[in-house]
Amino acid sequence: MELSDREYLERLFEAFYEVGALPGGGVTRLGYTALEDEMHRRFGALAEALGGTVETDLAGNSYAFLAPAEEYVLIGSHLDSVIQGGRYDGVAGVMAGLLQLRRAKEAGLKLPIKVAAFRCEESSNFGCCTMGSGLVTGQLKEGPEKLSKLTGKDGSLLGDVFASRGLSLTPPRITGVKSYLELHIEQGKVLEETGTRVGVVSTIAGPRRWKLQLKGLAEHSGATPMSMRQDALCAACEIVLAVEKIGQREAARCESVATVGVIQNVPNALNVVPGAAELGIDLRGSRMDSLDRMEQDTLKAAREICDRRRIGLTESKLSELDPVSMDPGIQEGLMAAAERLGISCRNMPSGAGHDAMAFAPLFPTGMVFIPCKKGISHNPLESATLESILDGADVLWEYLRGMD
Ligand SMILES: [Zn+2]
């Protein structure tokens with residue numbers, strides 16, 4: 001008997017289920033490892049079961065299609081995970097892509113679509129994200145020299161890993177892409193808390209990351225009077241709260257966020273006034289003016305606080321990516337498709353990065369979000385329902401169908 005769409009999605013989910021499974025729940029499927037290879041092998045088998053052709057490129061990405069076409073709509077996401085991650089991040093989008101192939105086949109529509117499974121979207125193995133999609137679009141900031149020296153979690157160099165697999169850090173650019181679509185779990189809780197079934201992404205936020213090193217004076221905590229201290233941790237704490245305030249202000253104006261996720265305290269001893277501290281700051285937003293303001297205000301606050309407290313301050317920018325806008329026409333098309341299906345939908349920014357970031361500067365690109373339980377992601381507790389994946393896949397199909 002023919003499987004229903006929901007049953008088909010369940011079969012896909014089960015096909016990937018055990019790869020990299022952890023005893024305590026969740027999965028670890030790091031990019032460019034044997035476990036990720038196994039995910040791609042299973043992807044290929046599932047596509048071939050639909051009568052599809054499977055190809056790979058020189059970055060190791062896999063593609064599946066029913067009939068060759070010079071120009072095609074690419075529907076993709078990734079099959080790797082973070083360390084102790086969930087089973088939906090990336091995989092949900094690849095499942096939704098395979099469902100589009102199955103529907104195209106069943107409907108006998110000659111839709112030129114290709115499904116992509118990208119390599120190493122997470123930075124968990126080599127400290128660099130969207131590698132598979134970034135390499136074939138030429139959108140990685142790091143050149144081949146720098147990339148080849150990246151070290152994986154097991155100590156191997158990316159250059160050696162690529163050489164042993166016959167892959168290239170300078171693969172040919174992908175061609176023939178008419179547009180790029182991606183379904184992904186939201187990784188936040190806006191859809192769930194607002195009871196909305198799908199999101200259509202407006203912009204993918206650009207992260208700016210800073211490291212602030214604070215130098216005070218480590219002294220005896222009993223013998224140093226309060227008025228004579230240069231306590232680096234107290235200054236760091238004031239900065240943490242200032243960054244929160246800046247984030248709250250920009251959240252209200254532009255949906256930006258600001259987080260101090262890292263704090264080091266030196267020497268971290270009960271009887272010593274902290275002599276040094278280090279903060280890691282992550283600023284994200286979809287508007288450049290807001291990112292600029294958050295960056296300037298954060299540095300201004302840090303300088304003022306350190307001056308007042310006689311603390312030395314060293315500022316270093318760790319990384320910066322610009323926000324990426326999704327194609328307005330595709331956003332409208334996806335919203336209209338959801339409306340025709342009676343699926344509730346909202347236009348929303350993405351705080352997390354995705355493979356779509358690599359395609360958006362080159363091709364019209366769109367993203368559909370589906371809710372995940374309590375917004376939890378990059379965690380074994382990550383969960384989404386097959387019904388939600390089906391909602392998102394329905395919206396993609398309704399949109400694609402109109403192109404035939
Ligand atoms: Zn992802």
# chains A, B, ... in the order shown; residues from 1 in each chain; ligands from 1
$ residues_around --residues "stretch 9-13 of chain A" --least-positions-apart "4" --cutoff "7 Å" --atoms "only C-alpha atoms" --output "NGL selection string"
:A and (5 or 17 or 95 or 386)
$ write_last_selection --atoms "N, CA and C atoms" --output "PDB file, in the first residue's frame"
ATOM      1  N   ASP A   5       1.877  10.846   3.005  1.00  0.00           N
ATOM      2  CA  ASP A   5       3.026  11.758   3.135  1.00  0.00           C
ATOM      3  C   ASP A   5       3.607  11.708   4.546  1.00  0.00           C
ATOM      4  N   TYR A  17      17.612   7.706  11.859  1.00  0.00           N
ATOM      5  CA  TYR A  17      17.514   7.755  13.320  1.00  0.00           C
ATOM      6  C   TYR A  17      18.761   7.291  14.080  1.00  0.00           C
ATOM      7  N   MET A  95      14.534  16.078   4.667  1.00  0.00           N
ATOM      8  CA  MET A  95      13.322  15.253   4.566  1.00  0.00           C
ATOM      9  C   MET A  95      12.252  15.969   3.741  1.00  0.00           C
ATOM     10  N   LEU A 386       6.236  15.515  13.142  1.00  0.00           N
ATOM     11  CA  LEU A 386       6.161  15.235  11.704  1.00  0.00           C
ATOM     12  C   LEU A 386       5.069  16.105  11.079  1.00  0.00           C
TER      13      LEU A 386
END
$ residues_near_ligand --ligand "ligand 1" --cutoff "9 Å" --atoms "only C-alpha atoms and all ligand atoms" --output "list of chain:residue names"
A:Ser77, A:His78, A:Leu79, A:Asp80, A:Ser81, A:Tyr88, A:Asp89, A:Gly90, A:Val91, A:Gly93, A:Glu121, A:Glu122, A:His184, A:Ile185, A:Gln187, A:Ala352, A:Gly353, A:His354, A:Asp355, A:His378
$ write_last_selection --atoms "C-alpha atoms" --output "PDB file, in the first residue's frame"
ATOM      1  CA  SER A  77      19.747  21.679   4.246  1.00  0.00           C
ATOM      2  CA  HIS A  78      22.423  19.750   6.123  1.00  0.00           C
ATOM      3  CA  LEU A  79      22.890  16.263   7.595  1.00  0.00           C
ATOM      4  CA  ASP A  80      25.593  16.936  10.198  1.00  0.00           C
ATOM      5  CA  SER A  81      24.882  17.883  13.804  1.00  0.00           C
ATOM      6  CA  TYR A  88      15.743  17.679  13.447  1.00  0.00           C
ATOM      7  CA  ASP A  89      18.287  20.453  12.895  1.00  0.00           C
ATOM      8  CA  GLY A  90      19.104  20.143   9.171  1.00  0.00           C
ATOM      9  CA  VAL A  91      17.558  16.700   8.703  1.00  0.00           C
ATOM     10  CA  GLY A  93      14.892  20.278   5.681  1.00  0.00           C
ATOM     11  CA  GLU A 121      26.950  23.222   8.318  1.00  0.00           C
ATOM     12  CA  GLU A 122      27.787  23.302  12.019  1.00  0.00           C
ATOM     13  CA  HIS A 184      14.516  24.419   8.984  1.00  0.00           C
ATOM     14  CA  ILE A 185      13.348  24.155  12.570  1.00  0.00           C
ATOM     15  CA  GLN A 187      15.534  26.933  16.971  1.00  0.00           C
ATOM     16  CA  ALA A 352      20.672  31.471  13.734  1.00  0.00           C
ATOM     17  CA  GLY A 353      22.804  30.964  10.630  1.00  0.00           C
ATOM     18  CA  HIS A 354      21.853  28.503   7.856  1.00  0.00           C
ATOM     19  CA  ASP A 355      23.056  27.131   4.512  1.00  0.00           C
ATOM     20  CA  HIS A 378      21.546  22.005  19.610  1.00  0.00           C
TER      21      HIS A 378
END
$ closest_atom_pairs --of "stretch 109-196 of chain A" --to "stretch 387-391 of chain A" --cutoff "12 Å" --atoms "only C-alpha atoms" --output "tab-separated table"
residue	atom	partner	partner_atom	distance
A:Glu182	CA	A:Ile389	CA	11.9
A:Leu183	CA	A:Ile389	CA	8.3
A:His184	CA	A:Ile389	CA	8.8
A:Ile185	CA	A:Ile389	CA	8.5
A:Glu186	CA	A:Ser388	CA	11.1
A:Leu191	CA	A:Ser388	CA	10.9
A:Glu192	CA	A:Ser388	CA	10.8
A:Gly195	CA	A:Ser388	CA	11.8
A:Thr196	CA	A:Ser388	CA	10.3
$ atom_distance --atom1 "atom CA of A:Gly44" --atom2 "atom CA of A:Val368"
23.7 Å
$ closest_residue --among "A:Ala356, A:Ala393, A:Val54, A:Pro361" --to "A:Ala96" --atoms "only C-alpha atoms"
A:Ala393
$ select_by_dssp --residues "stretch 213-392 of chain A" --states "strand (DSSP E)" --output "PyMOL selection string"
chain A and resi 213-215+219-220+257-266+272-273+276-285+312-320+324-325+345-350+365-370
$ write_last_selection --atoms "C-alpha atoms" --output "PDB file, in the first residue's frame"
ATOM      1  CA  GLN A 213      40.092  41.407  28.180  1.00  0.00           C
ATOM      2  CA  LEU A 214      40.064  43.287  31.475  1.00  0.00           C
ATOM      3  CA  LYS A 215      43.203  43.832  33.499  1.00  0.00           C
ATOM      4  CA  GLU A 219      45.399  41.438  45.700  1.00  0.00           C
ATOM      5  CA  HIS A 220      44.599  39.935  49.053  1.00  0.00           C
ATOM      6  CA  VAL A 257      19.844  40.543  20.575  1.00  0.00           C
ATOM      7  CA  ALA A 258      23.016  40.962  22.637  1.00  0.00           C
ATOM      8  CA  THR A 259      24.566  38.278  24.820  1.00  0.00           C
ATOM      9  CA  VAL A 260      27.643  37.881  26.988  1.00  0.00           C
ATOM     10  CA  GLY A 261      28.025  34.115  26.766  1.00  0.00           C
ATOM     11  CA  VAL A 262      31.586  33.784  28.052  1.00  0.00           C
ATOM     12  CA  ILE A 263      33.162  35.037  31.255  1.00  0.00           C
ATOM     13  CA  GLN A 264      36.557  34.069  32.666  1.00  0.00           C
ATOM     14  CA  ASN A 265      37.663  35.180  36.085  1.00  0.00           C
ATOM     15  CA  VAL A 266      41.348  35.104  37.068  1.00  0.00           C
ATOM     16  CA  VAL A 272      41.909  37.103  45.919  1.00  0.00           C
ATOM     17  CA  VAL A 273      40.458  40.281  44.410  1.00  0.00           C
ATOM     18  CA  ALA A 276      41.784  39.785  35.254  1.00  0.00           C
ATOM     19  CA  ALA A 277      38.598  38.877  33.423  1.00  0.00           C
ATOM     20  CA  GLU A 278      37.601  38.053  29.898  1.00  0.00           C
ATOM     21  CA  LEU A 279      34.200  38.419  28.229  1.00  0.00           C
ATOM     22  CA  GLY A 280      32.871  36.903  25.001  1.00  0.00           C
ATOM     23  CA  ILE A 281      30.109  39.023  23.474  1.00  0.00           C
ATOM     24  CA  ASP A 282      27.706  37.988  20.691  1.00  0.00           C
ATOM     25  CA  LEU A 283      25.665  40.743  19.017  1.00  0.00           C
ATOM     26  CA  ARG A 284      23.076  39.764  16.421  1.00  0.00           C
ATOM     27  CA  GLY A 285      20.512  41.552  14.364  1.00  0.00           C
ATOM     28  CA  GLY A 312      42.928  48.050  31.553  1.00  0.00           C
ATOM     29  CA  LEU A 313      40.831  47.079  28.521  1.00  0.00           C
ATOM     30  CA  THR A 314      41.841  45.200  25.368  1.00  0.00           C
ATOM     31  CA  GLU A 315      39.175  44.876  22.675  1.00  0.00           C
ATOM     32  CA  SER A 316      39.335  42.321  19.878  1.00  0.00           C
ATOM     33  CA  LYS A 317      36.744  41.603  17.231  1.00  0.00           C
ATOM     34  CA  LEU A 318      36.536  37.837  16.722  1.00  0.00           C
ATOM     35  CA  SER A 319      34.227  37.725  13.717  1.00  0.00           C
ATOM     36  CA  GLU A 320      31.645  39.643  11.751  1.00  0.00           C
ATOM     37  CA  VAL A 324      21.440  38.411   4.769  1.00  0.00           C
ATOM     38  CA  SER A 325      18.003  39.233   3.328  1.00  0.00           C
ATOM     39  CA  CYS A 345       2.195  31.916   9.031  1.00  0.00           C
ATOM     40  CA  ARG A 346       4.362  34.832  10.119  1.00  0.00           C
ATOM     41  CA  ASN A 347       7.218  36.717   8.536  1.00  0.00           C
ATOM     42  CA  MET A 348      10.172  36.625  10.934  1.00  0.00           C
ATOM     43  CA  PRO A 349      13.938  37.056  11.155  1.00  0.00           C
ATOM     44  CA  SER A 350      16.279  34.142  11.821  1.00  0.00           C
ATOM     45  CA  THR A 365      16.602  32.495  -1.711  1.00  0.00           C
ATOM     46  CA  GLY A 366      13.799  31.724   0.731  1.00  0.00           C
ATOM     47  CA  MET A 367      13.376  29.872   4.018  1.00  0.00           C
ATOM     48  CA  VAL A 368      10.471  28.255   5.820  1.00  0.00           C
ATOM     49  CA  PHE A 369      10.628  27.754   9.581  1.00  0.00           C
ATOM     50  CA  ILE A 370       8.651  25.204  11.547  1.00  0.00           C
TER      51      ILE A 370
END
$ residues_around --residues "A:Ile311" --least-positions-apart "4" --cutoff "8 Å" --atoms "only C-alpha atoms" --output "VMD selection string"
chain A and resid 214 to 216 230 to 232 235 306 to 307
$ write_last_selection --atoms "C-alpha atoms" --output "PDB file, in the first residue's frame"
ATOM      1  CA  LEU A 214      40.064  43.287  31.475  1.00  0.00           C
ATOM      2  CA  LYS A 215      43.203  43.832  33.499  1.00  0.00           C
ATOM      3  CA  GLY A 216      42.901  44.828  37.153  1.00  0.00           C
ATOM      4  CA  GLN A 230      41.017  47.373  40.830  1.00  0.00           C
ATOM      5  CA  ASP A 231      38.571  44.485  40.663  1.00  0.00           C
ATOM      6  CA  ALA A 232      38.383  43.179  37.087  1.00  0.00           C
ATOM      7  CA  ALA A 235      34.007  45.792  35.945  1.00  0.00           C
ATOM      8  CA  CYS A 306      36.984  50.381  32.874  1.00  0.00           C
ATOM      9  CA  ASP A 307      38.168  54.012  33.041  1.00  0.00           C
TER      10      ASP A 307
END
$ residues_around --residues "A:Glu255" --least-positions-apart "2" --cutoff "10 Å" --atoms "only C-alpha atoms" --output "ChimeraX atom specification"
/A:205,247-253,257,284-287,290,348-349,351
$ closest_residue --among "A:Leu150, A:Met228, A:Ala301, A:Val19" --to "A:Val243" --atoms "only C-alpha atoms"
A:Ala301
$ residues_around --residues "stretch 114-117 of chain A" --least-positions-apart "6" --cutoff "7 Å" --atoms "only C-alpha atoms" --output "list in words"
Asn61, Ser62, Tyr63, Ala64, Phe65, Tyr72, Val73, Leu74, Ile75, Gly76, Ser77, His78, Leu79, Val94, Gly97 and Leu98 of chain A
